[in-house]
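Student: As input, take query_27.csv (CSV, C-alpha atoms):
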chain,number,residue,atom,x,y,z
A,8,MET,CA,117.2,91.0,72.4
A,9,THR,CA,118.6,90.9,69.0
A,10,VAL,CA,117.6,88.4,66.3
A,11,SER,CA,120.5,86.1,67.3
A,12,SER,CA,119.7,86.4,71.0
A,13,VAL,CA,118.3,83.6,73.1
A,14,SER,CA,116.5,83.9,76.4
A,15,LEU,CA,117.7,81.6,79.2
A,16,ILE,CA,116.0,80.9,82.5
A,17,LEU,CA,118.4,80.2,85.4
A,18,THR,CA,117.4,78.5,88.6
A,19,VAL,CA,119.9,79.2,91.3
A,20,ILE,CA,120.3,77.7,94.8
A,21,GLY,CA,123.1,77.5,97.3
A,22,ASP,CA,124.0,78.3,100.9
A,23,ASP,CA,123.4,82.0,101.5
A,24,ARG,CA,126.5,84.2,101.8
A,25,PRO,CA,127.5,87.8,100.8
A,26,GLY,CA,128.5,88.2,97.2
A,27,LEU,CA,126.4,85.5,95.5
A,28,VAL,CA,124.4,87.9,93.3
A,29,GLY,CA,127.6,89.7,92.4
A,30,GLU,CA,129.3,86.5,91.3
A,31,LEU,CA,126.3,85.4,89.3
A,32,SER,CA,125.9,88.8,87.6
A,33,ALA,CA,129.7,89.0,86.9
A,34,VAL,CA,129.6,85.6,85.0
A,35,ILE,CA,126.5,86.8,83.1
A,36,SER,CA,128.1,90.1,82.1
A,37,ALA,CA,131.4,88.5,81.2
A,38,HIS,CA,129.5,86.5,78.5
A,39,GLN,CA,127.6,89.6,77.3
A,40,GLY,CA,124.4,88.4,78.9
A,41,ASN,CA,121.7,90.9,79.8
A,42,TRP,CA,120.0,90.3,83.2
A,43,LEU,CA,116.3,90.8,82.2
A,44,GLU,CA,114.1,89.8,85.1
A,45,SER,CA,114.6,88.0,88.4
A,46,SER,CA,113.1,86.9,91.7
A,47,MET,CA,115.4,86.0,94.6
A,48,ALA,CA,115.1,85.2,98.3
A,49,GLN,CA,117.0,83.9,101.3
A,50,LEU,CA,115.0,81.2,103.1
A,51,ALA,CA,116.3,79.1,106.0
A,52,GLY,CA,119.9,79.9,105.3
A,53,LYS,CA,119.6,79.1,101.6
A,54,PHE,CA,119.7,81.5,98.7
A,55,ALA,CA,117.3,80.7,95.9
A,56,GLY,CA,116.5,82.6,92.7
A,57,ILE,CA,115.2,82.5,89.2
A,58,VAL,CA,116.7,84.8,86.6
A,59,GLU,CA,115.8,85.5,82.9
A,60,VAL,CA,118.9,86.3,80.9
A,61,GLY,CA,119.2,87.4,77.3
A,62,VAL,CA,122.4,86.4,75.6
A,63,ASP,CA,123.8,86.2,72.0
A,64,ALA,CA,123.2,82.6,70.8
A,65,ALA,CA,126.9,82.3,70.1
A,66,GLN,CA,127.7,82.9,73.8
A,67,ALA,CA,124.9,80.7,75.3
A,68,ASP,CA,127.0,77.5,75.6
A,69,ALA,CA,130.0,79.3,77.1
A,70,LEU,CA,127.6,81.0,79.6
A,71,ARG,CA,126.1,77.7,80.5
A,72,ASN,CA,129.5,76.2,81.1
A,73,ALA,CA,130.7,79.2,83.2
A,74,LEU,CA,127.6,79.1,85.3
A,75,SER,CA,128.2,75.4,86.1
A,76,GLN,CA,131.6,76.4,87.5
A,77,LEU,CA,130.3,78.8,90.1
A,78,ARG,CA,131.5,77.8,93.6
A,79,GLY,CA,128.8,76.9,96.1
A,80,LEU,CA,125.9,77.5,93.7
A,81,LYS,CA,123.8,75.0,91.8
A,82,VAL,CA,122.6,76.6,88.6
A,83,ALA,CA,120.1,74.9,86.2
A,84,VAL,CA,119.8,76.6,82.8
A,85,GLU,CA,116.8,76.2,80.5
A,86,SER,CA,115.9,77.8,77.3
A,87,ALA,CA,112.9,80.1,77.8
A,88,ALA,CA,109.7,79.4,76.0
A,89,PRO,CA,108.8,81.9,73.2
A,90,GLN,CA,107.0,85.0,74.6
A,91,LYS,CA,103.3,84.8,74.4
A,92,SER,CA,101.4,87.9,73.4
A,93,ALA,CA,100.3,90.2,76.2
A,94,LEU,CA,97.6,88.5,78.3
A,95,THR,CA,94.2,90.0,77.6
A,96,GLY,CA,92.6,88.2,80.5
A,97,ARG,CA,91.7,89.4,83.9
A,98,ARG,CA,94.3,90.2,86.6
A,99,LEU,CA,93.4,89.4,90.2
A,100,LYS,CA,95.2,89.7,93.5
A,101,LEU,CA,94.5,87.3,96.3
A,102,ALA,CA,95.5,88.0,99.9
A,103,LEU,CA,95.1,85.4,102.7
A,104,VAL,CA,95.8,85.5,106.5
A,105,GLY,CA,94.9,83.0,109.2
A,106,HIS,CA,96.2,80.6,111.7
A,107,ASP,CA,98.9,78.4,110.2
A,108,ARG,CA,98.0,74.8,109.4
A,109,ILE,CA,98.9,72.1,106.9
A,110,GLY,CA,97.0,72.3,103.6
A,111,ILE,CA,96.2,76.0,103.2
A,112,VAL,CA,98.2,76.4,99.9
A,113,ARG,CA,96.9,73.1,98.6
A,114,GLU,CA,93.2,74.0,99.2
A,115,VAL,CA,93.4,77.5,97.7
A,116,SER,CA,95.5,76.4,94.7
A,117,MET,CA,93.0,73.6,94.0
A,118,VAL,CA,90.1,76.1,93.9
A,119,LEU,CA,92.1,78.4,91.6
A,120,ALA,CA,93.0,75.5,89.3
A,121,ASN,CA,89.3,74.4,89.1
A,122,HIS,CA,88.5,77.9,87.8
A,123,ALA,CA,91.4,77.9,85.3
A,124,VAL,CA,93.1,80.7,87.2
A,125,ASN,CA,96.9,80.9,86.7
A,126,VAL,CA,99.2,81.8,89.6
A,127,GLU,CA,101.8,84.2,88.3
A,128,SER,CA,103.4,84.9,91.6
A,129,LEU,CA,103.0,83.7,95.2
A,130,ALA,CA,104.7,85.0,98.3
A,131,THR,CA,104.1,83.5,101.7
A,132,HIS,CA,105.4,83.9,105.2
A,133,THR,CA,104.5,83.2,108.8
A,134,SER,CA,104.4,85.6,111.8
A,135,SER,CA,103.4,85.6,115.4
A,136,ALA,CA,99.9,86.6,116.1
A,137,PRO,CA,99.6,89.8,118.2
A,138,MET,CA,98.9,89.1,121.9
A,139,SER,CA,99.2,85.3,121.5
A,140,ALA,CA,101.7,82.6,120.7
A,141,ALA,CA,99.8,81.5,117.6
A,142,VAL,CA,101.5,81.4,114.2
A,143,LEU,CA,99.8,83.2,111.4
A,144,PHE,CA,100.2,82.2,107.8
A,145,HIS,CA,100.2,85.1,105.2
A,146,ALA,CA,100.0,84.7,101.4
A,147,VAL,CA,99.7,87.2,98.5
A,148,ALA,CA,99.2,85.9,94.9
A,149,GLU,CA,99.1,87.7,91.6
A,150,LEU,CA,96.7,85.8,89.3
A,151,THR,CA,95.5,85.8,85.7
A,152,ALA,CA,92.3,84.3,84.3
A,153,ALA,CA,90.3,84.3,81.1
A,154,PRO,CA,88.0,87.3,80.5
A,155,GLU,CA,85.0,85.0,80.9
A,156,LEU,CA,85.9,83.9,84.5
A,157,ASP,CA,82.9,83.9,86.8
A,158,VAL,CA,84.4,85.9,89.6
A,159,GLY,CA,81.3,85.4,91.7
A,160,ALA,CA,81.6,81.6,91.6
A,161,LEU,CA,85.3,81.8,92.4
A,162,THR,CA,84.7,84.2,95.3
A,163,GLY,CA,82.0,81.9,96.6
A,164,GLU,CA,84.2,78.9,96.6
A,165,LEU,CA,87.1,80.8,98.2
A,166,GLU,CA,84.7,82.0,100.9
A,167,ARG,CA,83.5,78.5,101.6
A,168,ILE,CA,87.1,77.2,102.0
A,169,SER,CA,88.1,80.2,104.1
A,170,ASN,CA,85.4,79.2,106.6
A,171,ASP,CA,86.7,75.6,106.6
A,172,LEU,CA,90.4,76.7,106.9
A,173,MET,CA,89.5,79.5,109.3
A,174,VAL,CA,91.4,82.1,107.3
A,175,ASP,CA,90.5,85.5,105.7
A,176,ILE,CA,90.8,85.6,101.9
A,177,THR,CA,90.3,88.7,99.8
A,178,LEU,CA,90.2,88.7,96.1
A,179,ASP,CA,90.5,91.9,94.1
A,180,GLU,CA,90.5,92.6,90.4
A,181,THR,CA,93.4,94.8,89.4
A,182,ILE,CA,93.8,96.9,86.3
A,183,ARG,CA,96.3,95.5,83.8
A,184,ALA,CA,99.0,98.1,83.0
Represent the structure of the file as structure tokens.

Tutor:
Amino acid sequence: MTVSSVSLILTVIGDDRPGLVGELSAVISAHQGNWLESSMAQLAGKFAGIVEVGVDAAQADALRNALSQLRGLKVAVESAAPQKSALTGRRLKLALVGHDRIGIVREVSMVLANHAVNVESLATHTSSAPMSAAVLFHAVAELTAAPELDVGALTGELERISNDLMVDITLDETIRA
């Protein structure tokens, strides 16, 4: 981004249909916006996404207005927070699988918060268990934590709740690229 550029975060939701991403990207391009990063998904017939866009400050208001005119999409636009310097902490990956039940995400996220671990991304889904009608819950999370994190204590607490929740949780430290 140039000196006069701003970074905007778009939150997009609407009924899923072909062409939504094309319409969104066309509006961004028409206002000389640069699509920087995004995460999008179709869930239960809805399209939802979050997009970071870099745009010249002089075009930002016009882009905001044009995005609000998109048919069938609700687009919220916020100014992005200034970029923090690259994280120097630890990068972790958590994987979970077990019988679906209410409270799994709450229990795991509370443990992570108690250890000051930040959830950078979280993807979840359910599936049918092989050879039974049971529903399995799957989660994968990318996490960051301070260098001084006591991974042993975190792992111990995750193991304790995995027994209570009857799920398998694995926690691996990854190398930061």

Student: Using all atoms listed in the file, which protein or nucleic acid residues come within 7 Å of range 97-113 of chain A? Drop anything in the same chain fewer than 2 positions from it, and give the result as a PyMOL selection string.

Tutor: chain A and resi 95+115-117+141-154+172-183

Student: With C-alpha atoms retained, write the just-selected residues as a PDB file, in the coordinates of the input.

Tutor:
ATOM      1  CA  THR A  95      94.200  90.000  77.600  1.00  0.00           C
ATOM      2  CA  VAL A 115      93.400  77.500  97.700  1.00  0.00           C
ATOM      3  CA  SER A 116      95.500  76.400  94.700  1.00  0.00           C
ATOM      4  CA  MET A 117      93.000  73.600  94.000  1.00  0.00           C
ATOM      5  CA  ALA A 141      99.800  81.500 117.600  1.00  0.00           C
ATOM      6  CA  VAL A 142     101.500  81.400 114.200  1.00  0.00           C
ATOM      7  CA  LEU A 143      99.800  83.200 111.400  1.00  0.00           C
ATOM      8  CA  PHE A 144     100.200  82.200 107.800  1.00  0.00           C
ATOM      9  CA  HIS A 145     100.200  85.100 105.200  1.00  0.00           C
ATOM     10  CA  ALA A 146     100.000  84.700 101.400  1.00  0.00           C
ATOM     11  CA  VAL A 147      99.700  87.200  98.500  1.00  0.00           C
ATOM     12  CA  ALA A 148      99.200  85.900  94.900  1.00  0.00           C
ATOM     13  CA  GLU A 149      99.100  87.700  91.600  1.00  0.00           C
ATOM     14  CA  LEU A 150      96.700  85.800  89.300  1.00  0.00           C
ATOM     15  CA  THR A 151      95.500  85.800  85.700  1.00  0.00           C
ATOM     16  CA  ALA A 152      92.300  84.300  84.300  1.00  0.00           C
ATOM     17  CA  ALA A 153      90.300  84.300  81.100  1.00  0.00           C
ATOM     18  CA  PRO A 154      88.000  87.300  80.500  1.00  0.00           C
ATOM     19  CA  LEU A 172      90.400  76.700 106.900  1.00  0.00           C
ATOM     20  CA  MET A 173      89.500  79.500 109.300  1.00  0.00           C
ATOM     21  CA  VAL A 174      91.400  82.100 107.300  1.00  0.00           C
ATOM     22  CA  ASP A 175      90.500  85.500 105.700  1.00  0.00           C
ATOM     23  CA  ILE A 176      90.800  85.600 101.900  1.00  0.00           C
ATOM     24  CA  THR A 177      90.300  88.700  99.800  1.00  0.00           C
ATOM     25  CA  LEU A 178      90.200  88.700  96.100  1.00  0.00           C
ATOM     26  CA  ASP A 179      90.500  91.900  94.100  1.00  0.00           C
ATOM     27  CA  GLU A 180      90.500  92.600  90.400  1.00  0.00           C
ATOM     28  CA  THR A 181      93.400  94.800  89.400  1.00  0.00           C
ATOM     29  CA  ILE A 182      93.800  96.900  86.300  1.00  0.00           C
ATOM     30  CA  ARG A 183      96.300  95.500  83.800  1.00  0.00           C
TER      31      ARG A 183
END

Student: So what do you get for CA of Asp23 in chain A versus CA of Ser75 in chain A, distance-wise?

Tutor: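 About the pair CA of Asp23 in chain A and CA of Ser75 in chain A: they are 17.4 Å apart.
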
Student: Here is a test: counting only C-alpha atoms, which residue of A:Asn125, A:Gln49, A:Gln39, A:Ser134 is nearest to Ile20 in chain A?

Tutor: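 The closest residue to Ile20 in chain A is A:Gln49.
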
Student: Can you tell me which residues surround Glu155 in chain A at a distance of at most 12 Å, considering all atoms listed in the file, apart from same-chain residues fewer than 6 positions away, and format the answer as a list in words?

Tutor: Thr95, Gly96, Arg97, His122, Ala123, Val124 and Leu161 of chain A

Student: Please report the interatomic distance between CA of Ala48 in chain A and CA of Gly61 in chain A in Å with one decimal.

Tutor: 21.5 Å

Student: Just give me the gap between CA of Ala130 in chain A and CA of Leu77 in chain A in Å, one decimal is fine.

Tutor: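 Separation between CA of Ala130 in chain A and CA of Leu77 in chain A: 27.6 Å.
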
Student: Nearest to Arg78 in chain A: which of A:Leu31, A:Leu50, A:Val158, A:Ala65 is it, counting all atoms listed in the file?

Tutor: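 Among the listed residues, the smallest separation from Arg78 in chain A belongs to A:Leu31.
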
Student: Counting all atoms listed in the file, which residue out of A:Asp63, A:Leu156, A:Leu15, A:Leu70 sits closest to Leu43 in chain A?

Tutor: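 Ranking A:Asp63, A:Leu156, A:Leu15, A:Leu70 by distance to Leu43 in chain A, first place goes to A:Leu15.
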
Student: Applying 7 Å and only C-alpha atoms, which residues near Val60 in chain A remain after dropping the ones on its own chain fewer than 2 positions away? List them as a list in words.

Tutor: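 Near neighbours after the sequence-gap exclusion: Ser14, Leu15, Ile16, Gly40, Asn41, Trp42, Leu43, Val58 and Val62 of chain A.
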
Student: Considering all atoms listed in the file, state which residue in the set A:Asp22, A:Glu44, A:Glu164, A:Glu59 is at the smallest distance from Val84 in chain A.

Tutor: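 The shortest atom-to-atom distance to Val84 in chain A comes from A:Glu59.
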
Student: Identify, on the basis of all atoms listed in the file, every residue whose closest approach to range 24-26 of chain A does not exceed 9 Å; exclude the query and any residue fewer than 4 positions from it along the same chain; express the result as a list in words.

Tutor: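 Here the qualifying residues turn out to be Glu30, Leu31, Gly52, Lys53 and Phe54 of chain A.
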
Student: Go ahead and save the picked residues with C-alpha atoms, as a PDB file, keeping the file's coordinate frame.

Tutor:
ATOM      1  CA  GLU A  30     129.300  86.500  91.300  1.00  0.00           C
ATOM      2  CA  LEU A  31     126.300  85.400  89.300  1.00  0.00           C
ATOM      3  CA  GLY A  52     119.900  79.900 105.300  1.00  0.00           C
ATOM      4  CA  LYS A  53     119.600  79.100 101.600  1.00  0.00           C
ATOM      5  CA  PHE A  54     119.700  81.500  98.700  1.00  0.00           C
TER       6      PHE A  54
END

Student: Using all atoms listed in the file, which of A:Ala136, A:Leu80, A:Ala73, A:Ile168 sits nearest Ala33 in chain A?

Tutor: A:Ala73
